[in-house]
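Structure below is protein-v8.txt: compact mmCIF, C-alpha atoms.
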# COMPACT_ATOMS: atom_id res chain seq x y z
CA MET V 64 11.22 75.16 114.55
CA LEU V 65 7.65 76.38 114.76
CA ARG V 66 7.02 79.73 116.40
CA VAL V 67 3.86 81.67 117.02
CA ARG V 68 3.43 85.18 118.23
CA CYS V 69 1.71 85.69 121.56
CA LEU V 70 -1.97 86.34 121.00
CA ARG V 71 -2.03 88.73 123.95
CA GLY V 72 0.04 91.89 123.97
CA GLY V 73 1.68 91.76 127.37
CA SER V 74 4.25 94.13 128.83
CA ARG V 75 7.15 91.82 128.14
CA GLY V 76 6.22 91.14 124.51
CA ALA V 77 7.12 87.49 125.08
CA GLU V 78 6.45 84.97 122.35
CA ALA V 79 4.62 81.79 123.15
CA ALA V 80 5.84 78.49 121.89
CA HIS V 81 5.10 75.30 120.09
CA TYR V 82 5.51 72.55 122.64
CA ILE V 83 5.30 68.82 122.18
CA GLY V 84 3.04 67.21 124.77
CA LEU V 85 3.46 63.74 126.11
CA ARG V 86 0.77 61.09 126.21
CA VAL V 87 0.71 58.19 128.63
CA GLY V 88 3.67 56.05 127.74
CA ARG V 89 4.45 57.78 124.45
CA VAL V 90 5.20 61.17 122.92
CA PHE V 91 2.71 63.01 120.81
CA THR V 92 3.91 63.06 117.21
CA GLY V 93 2.47 66.52 116.71
CA TRP V 94 0.07 69.10 117.97
CA VAL V 95 -3.54 68.83 116.89
CA GLN V 96 -4.16 71.97 114.90
CA ARG V 97 -7.25 73.88 115.88
CA SER V 98 -8.75 77.08 114.66
CA PHE V 99 -8.66 79.76 117.28
CA GLN V 100 -11.97 80.49 118.91
CA SER V 101 -12.13 83.38 121.30
CA THR V 102 -14.47 82.95 124.22
CA GLN V 103 -15.87 86.05 125.79
CA ALA V 104 -14.79 86.42 129.42
CA ALA V 105 -17.50 86.30 132.03
CA THR V 106 -17.95 89.40 134.11
CA ALA V 107 -19.34 88.81 137.57
CA SER V 108 -21.60 90.67 139.89
CA GLN V 109 -20.02 91.90 143.10
CA LYS V 110 -22.97 90.41 144.98
CA THR V 111 -23.17 86.83 146.24
CA CYS V 112 -25.60 84.71 144.29
CA ALA V 113 -28.78 84.42 146.30
CA ALA V 114 -30.06 81.28 144.56
CA ASP V 115 -31.31 78.57 146.86
CA ASP V 116 -28.93 75.61 147.27
CA ASN V 117 -31.63 73.22 146.07
CA LYS V 118 -32.56 75.18 142.96
CA ALA V 119 -30.22 75.24 139.99
CA THR V 120 -30.40 78.10 137.51
CA SER V 121 -30.83 77.45 133.80
CA PRO V 122 -29.76 78.43 131.23
CA VAL V 123 -26.23 79.55 132.08
CA PRO V 124 -26.31 83.35 132.57
CA LYS V 125 -23.85 85.54 130.75
CA ASP V 126 -22.60 87.02 134.03
CA CYS V 127 -21.39 83.68 135.43
CA PRO V 128 -18.93 84.56 138.23
CA VAL V 129 -16.54 81.72 137.33
CA CYS V 130 -14.12 82.44 134.48
CA SER V 131 -10.36 81.82 134.55
CA TYR V 132 -8.08 80.55 131.80
CA ASN V 133 -4.54 81.17 133.01
CA GLU V 134 -2.38 82.22 135.96
CA TRP V 135 -1.87 85.91 135.14
CA ASP V 136 -4.97 87.68 133.80
CA PRO V 137 -6.31 90.40 136.18
CA LEU V 138 -7.62 88.65 139.30
CA GLU V 139 -11.15 89.58 140.34
CA GLU V 140 -12.35 86.82 142.68
CA VAL V 141 -10.49 84.17 144.65
CA ILE V 142 -11.04 81.46 147.25
CA VAL V 143 -8.55 81.62 150.13
CA GLY V 144 -8.11 78.57 152.35
CA ARG V 145 -8.48 78.20 156.12
CA ALA V 146 -5.95 77.03 158.67
CA GLU V 147 -8.62 76.67 161.36
CA ASN V 148 -8.81 73.18 162.89
CA ALA V 149 -5.96 71.89 160.72
CA CYS V 150 -4.85 68.40 161.76
CA VAL V 151 -1.70 66.41 161.17
CA PRO V 152 -2.55 63.55 158.77
CA PRO V 153 -2.04 59.99 160.02
CA PHE V 154 1.35 58.55 159.07
CA SER V 155 0.20 56.31 156.22
CA VAL V 156 2.33 55.06 153.32
CA GLU V 157 1.33 57.89 150.97
CA VAL V 158 2.12 60.52 153.62
CA LYS V 159 5.49 58.94 154.33
CA ALA V 160 6.35 59.04 150.62
CA ASN V 161 5.61 62.77 150.45
CA THR V 162 7.42 63.94 153.59
CA TYR V 163 11.04 64.01 154.68
CA GLU V 164 12.60 61.71 157.21
CA LYS V 165 13.31 64.44 159.78
CA TYR V 166 9.54 64.95 160.18
CA TRP V 167 8.46 61.31 160.34
CA GLY V 168 8.59 61.34 164.14
CA PHE V 169 6.32 64.40 164.12
CA TYR V 170 3.72 62.55 162.05
CA GLN V 171 3.98 59.38 164.09
CA LYS V 172 3.44 61.33 167.31
CA PHE V 173 0.78 63.84 166.24
CA GLY V 174 -1.06 62.10 163.39
CA GLY V 175 -4.80 62.71 163.82
CA GLN V 176 -4.21 65.62 166.21
CA SER V 177 -4.04 69.37 165.74
CA PHE V 178 -0.95 71.06 164.40
CA PRO V 179 0.81 72.97 167.22
CA LYS V 180 -1.77 75.44 168.54
CA GLU V 181 0.43 78.53 168.77
CA HIS V 182 1.87 77.97 165.33
CA LEU V 183 -1.61 77.48 163.92
CA LYS V 184 -2.82 80.67 165.59
CA LYS V 185 -0.08 82.66 163.86
CA ALA V 186 -0.85 81.02 160.52
CA ILE V 187 -4.53 81.95 160.83
CA ALA V 188 -3.61 85.57 161.54
CA GLU V 189 -1.27 85.68 158.52
CA ILE V 190 -3.95 84.38 156.17
CA GLU V 191 -6.49 86.86 157.53
CA GLU V 192 -4.06 89.66 156.75
CA MET V 193 -3.49 88.20 153.30
CA CYS V 194 -7.26 88.30 152.70
CA ASN V 195 -7.42 91.92 153.84
CA ILE V 196 -4.63 92.90 151.45
CA LEU V 197 -6.30 91.10 148.54
CA LYS V 198 -9.51 93.00 149.26
CA ARG V 199 -7.61 96.29 149.32
CA GLU V 200 -6.23 95.35 145.90
CA GLY V 201 -9.79 95.09 144.62
CA VAL V 202 -10.18 91.30 144.74
CA ILE V 203 -13.32 89.58 146.03
CA VAL V 204 -12.33 86.96 148.63
CA LYS V 205 -14.37 83.86 149.48
CA ARG V 206 -13.54 81.33 152.21
CA PRO V 207 -14.38 77.62 152.71
CA ASP V 208 -16.42 76.53 155.72
CA PRO V 209 -14.71 75.63 159.01
CA VAL V 210 -14.72 71.87 159.56
CA ASP V 211 -13.66 69.66 162.47
CA TRP V 212 -10.93 67.65 160.78
CA SER V 213 -10.16 65.54 163.85
CA ILE V 214 -13.29 63.39 163.39
CA LYS V 215 -12.40 59.83 162.44
CA TYR V 216 -14.14 58.38 159.39
CA LYS V 217 -14.25 54.96 157.80
CA THR V 218 -14.99 53.65 154.33
CA PRO V 219 -15.13 50.00 153.21
CA ASP V 220 -11.44 50.31 152.30
CA PHE V 221 -9.74 52.46 154.95
CA GLU V 222 -10.16 54.69 157.96
CA SER V 223 -8.56 58.03 158.69
CA THR V 224 -8.96 61.49 160.15
CA GLY V 225 -9.03 64.62 158.02
CA MET V 226 -6.42 67.30 157.44
CA TYR V 227 -7.57 70.82 156.49
CA ALA V 228 -9.12 73.13 153.89
CA ALA V 229 -6.01 75.30 153.73
CA MET V 230 -5.02 74.74 150.10
CA PRO V 231 -7.93 75.19 147.65
CA ARG V 232 -5.42 74.98 144.77
CA ASP V 233 -4.89 71.32 145.69
CA ILE V 234 -8.50 70.32 145.28
CA LEU V 235 -10.09 72.80 142.84
CA LEU V 236 -9.12 73.50 139.23
CA VAL V 237 -10.94 76.25 137.37
CA VAL V 238 -10.89 75.89 133.59
CA GLY V 239 -12.99 78.55 131.92
CA ASN V 240 -16.35 78.58 133.67
CA GLU V 241 -15.92 75.04 135.00
CA ILE V 242 -14.89 74.09 138.53
CA ILE V 243 -13.31 70.64 138.65
CA GLU V 244 -13.08 68.91 142.02
CA ALA V 245 -9.96 66.77 142.14
CA PRO V 246 -10.31 63.23 143.53
CA MET V 247 -7.12 63.60 145.65
CA ALA V 248 -4.69 60.83 146.62
CA TRP V 249 -4.24 61.11 150.39
CA ARG V 250 -6.73 59.29 152.55
CA ALA V 251 -6.65 62.20 155.01
CA ARG V 252 -8.02 64.42 152.21
CA PHE V 253 -10.84 62.14 151.08
CA PHE V 254 -13.61 64.40 152.46
CA GLU V 255 -11.84 67.74 152.04
CA TYR V 256 -14.32 68.76 149.33
CA ARG V 257 -17.00 69.19 152.02
CA ALA V 258 -15.51 72.51 153.14
CA TYR V 259 -16.02 73.96 149.64
CA ARG V 260 -19.43 72.59 148.76
CA ARG V 261 -21.41 75.65 149.92
CA LEU V 262 -19.31 77.91 147.70
CA ILE V 263 -19.39 75.57 144.71
CA LYS V 264 -23.16 75.23 144.91
CA GLN V 265 -23.46 79.01 144.90
CA TYR V 266 -21.26 79.23 141.81
CA PHE V 267 -23.22 76.42 140.17
CA ASN V 268 -26.51 78.17 140.87
CA CYS V 269 -25.05 81.28 139.23
CA GLY V 270 -24.26 79.38 136.03
CA ALA V 271 -20.86 77.73 136.51
CA LYS V 272 -20.15 74.20 135.37
CA TRP V 273 -19.36 71.81 138.22
CA THR V 274 -17.51 68.54 137.67
CA THR V 275 -16.34 66.03 140.25
CA ALA V 276 -13.65 63.67 139.00
CA PRO V 277 -14.15 59.95 139.77
CA LYS V 278 -13.62 59.46 143.48
CA PRO V 279 -10.98 56.76 144.11
CA THR V 280 -11.68 54.05 146.65
CA MET V 281 -8.17 54.66 148.04
CA ALA V 282 -7.95 50.94 148.68
CA ASN V 283 -4.55 49.42 149.46
CA GLU V 284 -4.09 48.63 145.77
CA LEU V 285 -3.78 52.34 144.96
CA TYR V 286 -0.50 52.50 146.91
CA ASP V 287 2.76 50.62 146.67
CA GLN V 288 2.75 49.37 150.25
CA ASP V 289 6.44 48.45 149.98
CA TYR V 290 7.54 51.74 148.42
CA PRO V 291 11.19 51.92 149.52
CA ILE V 292 12.19 55.27 151.00
CA CYS V 293 15.25 55.57 153.17
CA SER V 294 17.03 58.64 151.81
CA VAL V 295 16.87 61.50 149.33
CA GLU V 296 19.08 59.39 147.04
CA ASP V 297 16.42 56.67 147.09
CA ARG V 298 13.80 59.24 146.12
CA HIS V 299 15.87 60.53 143.19
CA LYS V 300 16.47 57.01 141.93
CA LEU V 301 12.82 55.98 142.14
CA ALA V 302 11.55 59.20 140.54
CA ALA V 303 14.06 58.81 137.70
CA GLN V 304 12.71 55.31 137.13
CA GLY V 305 9.16 56.63 137.07
CA LYS V 306 8.24 54.81 140.28
CA PHE V 307 5.83 56.48 142.68
CA VAL V 308 3.89 55.53 145.77
CA THR V 309 0.61 55.76 143.84
CA THR V 310 -0.10 52.97 141.37
CA GLU V 311 -2.36 52.89 138.31
CA PHE V 312 -5.08 50.97 140.17
CA GLU V 313 -7.59 53.81 139.64
CA PRO V 314 -7.46 57.48 138.63
CA CYS V 315 -6.16 59.94 141.19
CA PHE V 316 -4.81 63.46 140.99
CA ASP V 317 -4.41 66.67 142.95
CA ALA V 318 -5.42 69.81 141.07
CA ALA V 319 -2.14 71.50 142.05
CA ASP V 320 -0.22 69.23 139.68
CA PHE V 321 -1.81 71.14 136.78
CA ILE V 322 -0.90 74.66 135.66
CA ARG V 323 -2.81 76.59 133.00
CA ALA V 324 -1.81 78.63 129.96
CA GLY V 325 -5.00 79.17 127.97
CA ARG V 326 -5.81 76.23 125.75
CA ASP V 327 -2.72 74.38 126.97
CA ILE V 328 -2.44 72.89 130.43
CA PHE V 329 0.73 71.32 131.81
CA VAL V 330 0.81 68.49 134.35
CA GLN V 331 3.37 66.28 136.05
CA ARG V 332 3.10 62.63 137.06
CA SER V 333 3.78 62.79 140.79
CA GLN V 334 3.32 60.99 144.07
CA VAL V 335 -0.33 62.13 144.11
CA THR V 336 -1.19 62.29 140.39
CA ASN V 337 -1.07 59.12 138.31
CA TYR V 338 -1.32 58.57 134.56
CA MET V 339 -4.91 57.37 134.82
CA GLY V 340 -5.83 60.67 136.45
CA ILE V 341 -3.98 62.60 133.74
CA GLU V 342 -5.71 60.60 131.01
CA TRP V 343 -9.10 61.30 132.60
CA MET V 344 -8.35 65.03 132.48
CA LYS V 345 -7.15 64.83 128.87
CA ARG V 346 -10.36 63.16 127.74
CA HIS V 347 -12.54 65.40 129.86
CA LEU V 348 -11.04 68.66 128.57
CA ALA V 349 -10.60 67.66 124.92
CA PRO V 350 -10.95 69.04 122.31
CA ASP V 351 -10.98 72.60 123.65
CA TYR V 352 -7.91 72.12 125.86
CA ARG V 353 -4.67 70.19 125.43
CA VAL V 354 -3.04 68.57 128.46
CA HIS V 355 0.73 67.95 128.24
CA VAL V 356 2.93 65.99 130.63
CA VAL V 357 6.22 67.56 131.72
CA SER V 358 8.77 66.07 134.10
CA PHE V 359 11.49 67.29 136.42
CA LYS V 360 14.57 66.12 138.25
CA ASP V 361 12.64 66.00 141.50
CA PRO V 362 13.13 63.40 144.24
CA ASN V 363 9.64 63.99 145.58
CA PRO V 364 7.30 65.38 142.92
CA MET V 365 4.07 66.66 144.44
CA HIS V 366 2.35 69.76 143.02
CA ILE V 367 3.92 71.63 140.13
CA ASP V 368 3.69 75.26 141.26
CA ALA V 369 6.86 75.35 143.39
CA THR V 370 8.75 73.74 140.51
CA PHE V 371 7.34 75.25 137.33
CA ASN V 372 5.19 78.35 137.78
CA ILE V 373 3.92 80.09 134.65
CA ILE V 374 3.54 83.78 135.51
CA GLY V 375 2.82 85.33 132.11
CA PRO V 376 2.47 84.54 128.40
CA GLY V 377 5.80 82.95 127.52
CA LEU V 378 7.26 83.63 130.98
CA VAL V 379 7.95 80.88 133.51
CA LEU V 380 9.72 80.47 136.82
CA SER V 381 11.72 77.24 136.69
CA ASN V 382 13.15 75.83 139.91
CA PRO V 383 16.96 75.54 139.51
CA ASP V 384 17.04 72.63 141.96
CA ARG V 385 14.40 70.72 139.97
CA PRO V 386 15.25 71.31 136.31
CA CYS V 387 12.61 70.55 133.71
CA HIS V 388 13.62 67.73 131.38
CA GLN V 389 11.92 69.49 128.47
CA ILE V 390 13.12 73.03 129.19
CA GLU V 391 15.20 73.33 125.99
CA LEU V 392 12.02 73.00 123.96
CA PHE V 393 10.61 76.01 125.79
CA LYS V 394 13.79 78.04 125.33
CA LYS V 395 14.13 77.24 121.63
CA ALA V 396 10.53 78.27 121.11
CA GLY V 397 11.12 81.73 122.57
CA TRP V 398 10.07 81.34 126.18
CA THR V 399 11.70 83.48 128.84
CA VAL V 400 12.82 81.01 131.50
CA ILE V 401 13.73 82.54 134.84
CA HIS V 402 15.47 80.69 137.65
CA PRO V 403 14.38 82.24 140.94
CA PRO V 404 16.99 82.91 143.64
CA VAL V 405 17.69 80.56 146.53
CA PRO V 406 14.98 80.92 149.21
CA LEU V 407 15.88 82.82 152.38
CA ILE V 408 13.74 80.88 154.83
CA PRO V 409 15.94 79.67 157.74
CA ASP V 410 16.79 76.01 158.18
CA ASP V 411 15.20 75.82 161.62
CA HIS V 412 11.78 76.96 160.46
CA PRO V 413 9.39 73.98 160.40
CA LEU V 414 8.20 73.00 156.94
CA TRP V 415 6.27 69.86 157.77
CA MET V 416 4.75 69.44 154.32
CA SER V 417 6.87 71.36 151.83
CA SER V 418 10.30 72.62 150.79
CA LYS V 419 11.81 76.08 151.02
CA TRP V 420 10.92 76.69 147.37
CA LEU V 421 7.53 77.99 148.39
CA SER V 422 9.26 81.32 147.80
CA MET V 423 8.44 80.90 144.09
CA ASN V 424 4.88 79.78 144.84
CA VAL V 425 3.55 83.26 144.11
CA LEU V 426 0.13 84.59 143.13
CA MET V 427 -0.09 86.88 140.10
CA LEU V 428 -2.76 89.56 140.52
CA ASP V 429 -2.10 90.53 136.92
CA GLU V 430 0.91 90.69 134.63
CA LYS V 431 2.30 93.67 136.57
CA ARG V 432 1.49 92.72 140.18
CA VAL V 433 2.57 89.70 142.22
CA MET V 434 1.89 88.67 145.80
CA VAL V 435 5.17 87.50 147.34
CA ASP V 436 6.45 86.68 150.83
CA ALA V 437 7.59 89.79 152.70
CA ASN V 438 10.64 87.93 154.02
CA GLU V 439 11.91 86.82 150.60
CA THR V 440 13.76 89.98 149.55
CA SER V 441 15.80 88.22 146.84
CA ILE V 442 12.80 87.14 144.80
CA GLN V 443 11.22 90.55 145.36
CA LYS V 444 14.20 92.12 143.60
CA MET V 445 13.92 89.57 140.81
CA PHE V 446 10.31 90.57 140.14
CA GLU V 447 11.09 94.27 140.36
CA ASN V 448 13.84 93.81 137.77
CA LEU V 449 11.19 92.26 135.53
CA GLY V 450 9.01 95.36 135.94
CA ILE V 451 6.53 93.55 138.18
CA SER V 452 5.36 95.29 141.36
CA THR V 453 5.49 93.18 144.52
CA ILE V 454 2.71 93.03 147.08
CA LYS V 455 4.49 91.87 150.20
CA VAL V 456 2.74 89.66 152.75
CA SER V 457 4.26 87.52 155.47
CA ILE V 458 2.89 83.96 155.57
CA ARG V 459 5.88 82.13 157.00
CA HIS V 460 3.84 80.23 159.62
CA ALA V 461 1.23 79.43 156.98
CA ASN V 462 4.05 78.03 154.82
CA SER V 463 4.59 75.32 157.44
CA LEU V 464 1.25 73.77 156.49
CA GLY V 465 2.51 73.10 152.99
CA GLY V 466 1.81 76.01 150.72
CA GLY V 467 2.65 79.47 149.42
CA PHE V 468 0.31 82.08 147.95
CA HIS V 469 -0.57 80.01 144.89
CA CYS V 470 -1.43 76.99 147.06
CA TRP V 471 -3.49 78.98 149.55
CA THR V 472 -5.72 80.32 146.77
CA CYS V 473 -7.88 79.23 143.86
CA ASP V 474 -8.65 81.99 141.38
CA ILE V 475 -12.33 81.89 140.50
CA ARG V 476 -12.41 84.79 138.10
CA ARG V 477 -9.75 86.54 136.05
CA ARG V 478 -10.61 89.19 133.51
CA GLY V 479 -9.56 87.68 130.22
CA THR V 480 -10.51 85.42 127.34
CA LEU V 481 -9.59 81.93 126.22
CA GLN V 482 -6.59 82.14 123.92
CA SER V 483 -3.93 79.92 122.42
CA TYR V 484 -0.41 80.69 123.58
CA PHE V 485 0.99 77.61 121.80
CA ASP V 486 0.43 76.31 118.29

Spell out the structure here as structure tokens.
Amino acid sequence: MLRVRCLRGGSRGAEAAHYIGLRVGRVFTGWVQRSFQSTQAATASQKTCAADDNKATSPVPKDCPVCSYNEWDPLEEVIVGRAENACVPPFSVEVKANTYEKYWGFYQKFGGQSFPKEHLKKAIAEIEEMCNILKREGVIVKRPDPVDWSIKYKTPDFESTGMYAAMPRDILLVVGNEIIEAPMAWRARFFEYRAYRRLIKQYFNCGAKWTTAPKPTMANELYDQDYPICSVEDRHKLAAQGKFVTTEFEPCFDAADFIRAGRDIFVQRSQVTNYMGIEWMKRHLAPDYRVHVVSFKDPNPMHIDATFNIIGPGLVLSNPDRPCHQIELFKKAGWTVIHPPVPLIPDDHPLWMSSKWLSMNVLMLDEKRVMVDANETSIQKMFENLGISTIKVSIRHANSLGGGFHCWTCDIRRRGTLQSYFD
């Protein structure tokens, strides 16, 4: 068994691991060995870049504000989403495949309309308080632009209304000083990038790389129109067979299906991320980064961070209800695998677009601080036992829109350098 010491110190002294990545349709026979090259972390000005939107800066300045390689280095700047004007997506085949039967009537009735106004109002207030707390912790907070998501749009292949700009983690992936816009897989999210364009142009004008993945047509061929879903048992069976509502017609992926650990990035094939999308990312990020496919016993895979959330070098939260098929490889290589406690959110609380396991969808401010839901006392104790201080914020109404702290944010800058935690 190959082992490698962690290249960062870290309070837990955890060792990182050799891990065998999976390619499309076959297993890698071995890791590609690379010499370690340390990249100096970018330090950013506290001021907003004043460059004109129509004038790009060149060459890339050393103080580029975008620099993030993992999920745990000290957080300095973050984008936090907006619940304003959030709309229920139309009840299309891809939405049906990603939601549970008890909410199908909700989507059929309110698709294209606002989420319940009073609930939305409370969610907005929760996220505002979250932003205030992040600022008090010394983090710069940026927000996307408000957009009217109820406007109907039409392409040559489909028509839809929009959804929201609540979850920047779904659409933006920061790798080093590059911002990658995900192509997305839901038709209701086709134009979601528009809410972030002002911010991304500012970052670009300050020296960041800006990449937009190939935009799918989202034609009918991208979806299995006859995808059979009648029960949770059906979902388990289909997922075990590797059958998903998205086909391999064209690349698609949500950024939230990827999670970063320095030079190694893990991804799952899900209802919204297909193998063509994964292959595009592999080719795009090679040779500096290695993208590895992992899989889980999950009846409805969509976004990895409430299933497998890496919170430190060699330290991962692994959902006990959705075990990782490759977890023994992590354990044998010296990883500390922690199974978070059962969530405490009550059964009658509406979770239109997610499961209760948003309790583990936490945001690391650094290796010793974590932002966690104020209501989830069990997981708070778990973190405290690990020597990690908890920053408690209540976002229960915001959870209903489909995300926890990790989903509601996209870290733009963390103070750290590019390192290899696997070899």

Can you tell me which residues surround segment 392-409 of chain V at a distance of at most 6 Å, considering only C-alpha atoms, apart from same-chain residues fewer than 5 positions away, and format the answer as a ChimeraX atom specification? /V:78,80,377-383,422,439

Excluding Ala302 of chain V and residues on its chain fewer than 3 positions from it, collect all residues at most 9 Å away from it, counting only C-alpha atoms, and give them as an NGL selection string. :V and (297-299 or 305-307 or 333 or 360-364)

May I ask which of the residues V:Asn283, V:His469, V:Lys278, V:His412 is the closest one to Leu426 of chain V, counting only C-alpha atoms? V:His469

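With all atoms listed in the file as the atoms that count, the minimum distance from Phe316 of chain V to the choices V:Leu197, V:Leu285, V:Ala248, V:Met416 is reached by V:Ala248.
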
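The gap separating atom CA of Thr472 of chain V from atom CA of Met434 of chain V is 11.3 Å, in Å to one decimal.
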
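Take the candidates V:Gln176, V:Thr274, V:Asn195, V:Ser463 and check each one against Trp420 of chain V using only C-alpha atoms; the shortest distance goes to V:Ser463.
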
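Selecting by distance to (-6.5, 88.1, 153.4) with a limit of 10 Å and using all atoms listed in the file, one obtains V:Val143, V:Gly144, V:Ile187, V:Ala188, V:Glu189, V:Ile190, V:Glu191, V:Glu192, V:Met193, V:Cys194, V:Asn195, V:Ile196, V:Leu197, V:Lys198, V:Arg199, V:Val202, V:Val204, V:Lys205, V:Arg206, V:Val456.
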
Please determine an axis-aligned box that encloses all atoms of segment 292-302 of chain V listed in the file, with 6 Å added on each side, and express its centre and edge lengths in Å to one decimal as lines of an AutoDock Vina configuration file.
center_x = 15.3
center_y = 58.4
center_z = 146.9
size_x = 19.5
size_y = 18.2
size_z = 24.6

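Among V:Ile390, V:Leu348, V:Cys470, V:Leu481, the residue with the shortest atom-to-atom distance to Ile142 of chain V, counting only C-alpha atoms, is V:Cys470.
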
Might you pull out every residue within 12 Å of Ala318 of chain V, with all atoms listed in the file counted and same-chain residues fewer than 4 positions away left off, and present them as an MDAnalysis selection string? chainID V and resid 230:238 242:248 275:276 322:323 328:333 335:337 340:341 344 365:368 469:470 472:473

Tell me which protein, DNA and RNA residues are within 9 Å of His388 of chain V, counting only C-alpha atoms, leaving out same-chain ones fewer than 4 positions away, and put them as a ChimeraX atom specification. /V:357-360

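Interatomic distance, atom CA of Trp167 of chain V to atom CA of Ser417 of chain V: 13.3 Å.
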
Just give me the gap between atom CA of Lys159 of chain V and atom CA of Ile292 of chain V in Å, one decimal is fine. 8.3 Å

Neighbour list for Lys345 of chain V as number ranges by chain, cut-off 8 Å, only C-alpha atoms, skip fewer than 5 positions in-chain: V: 352-354

Find the residue from V:Asp327, V:Arg145, V:Ala303, V:Cys293 that sits nearest to Asp486 of chain V; use only C-alpha atoms when measuring. V:Asp327

Between V:Phe312, V:Ala271, V:Trp212, V:Thr280, which one has atoms that come closest to Ala258 of chain V, using all atoms listed in the file? V:Trp212

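Surrounding residues of (-4.7, 68.7, 166.8) at most 9 Å away are Asn148, Ala149, Cys150, Val151, Phe173, Gly174, Gly175, Gln176, Ser177, Phe178, Pro179, Lys180, Trp212 and Ser213 of chain V (based on all atoms listed in the file).
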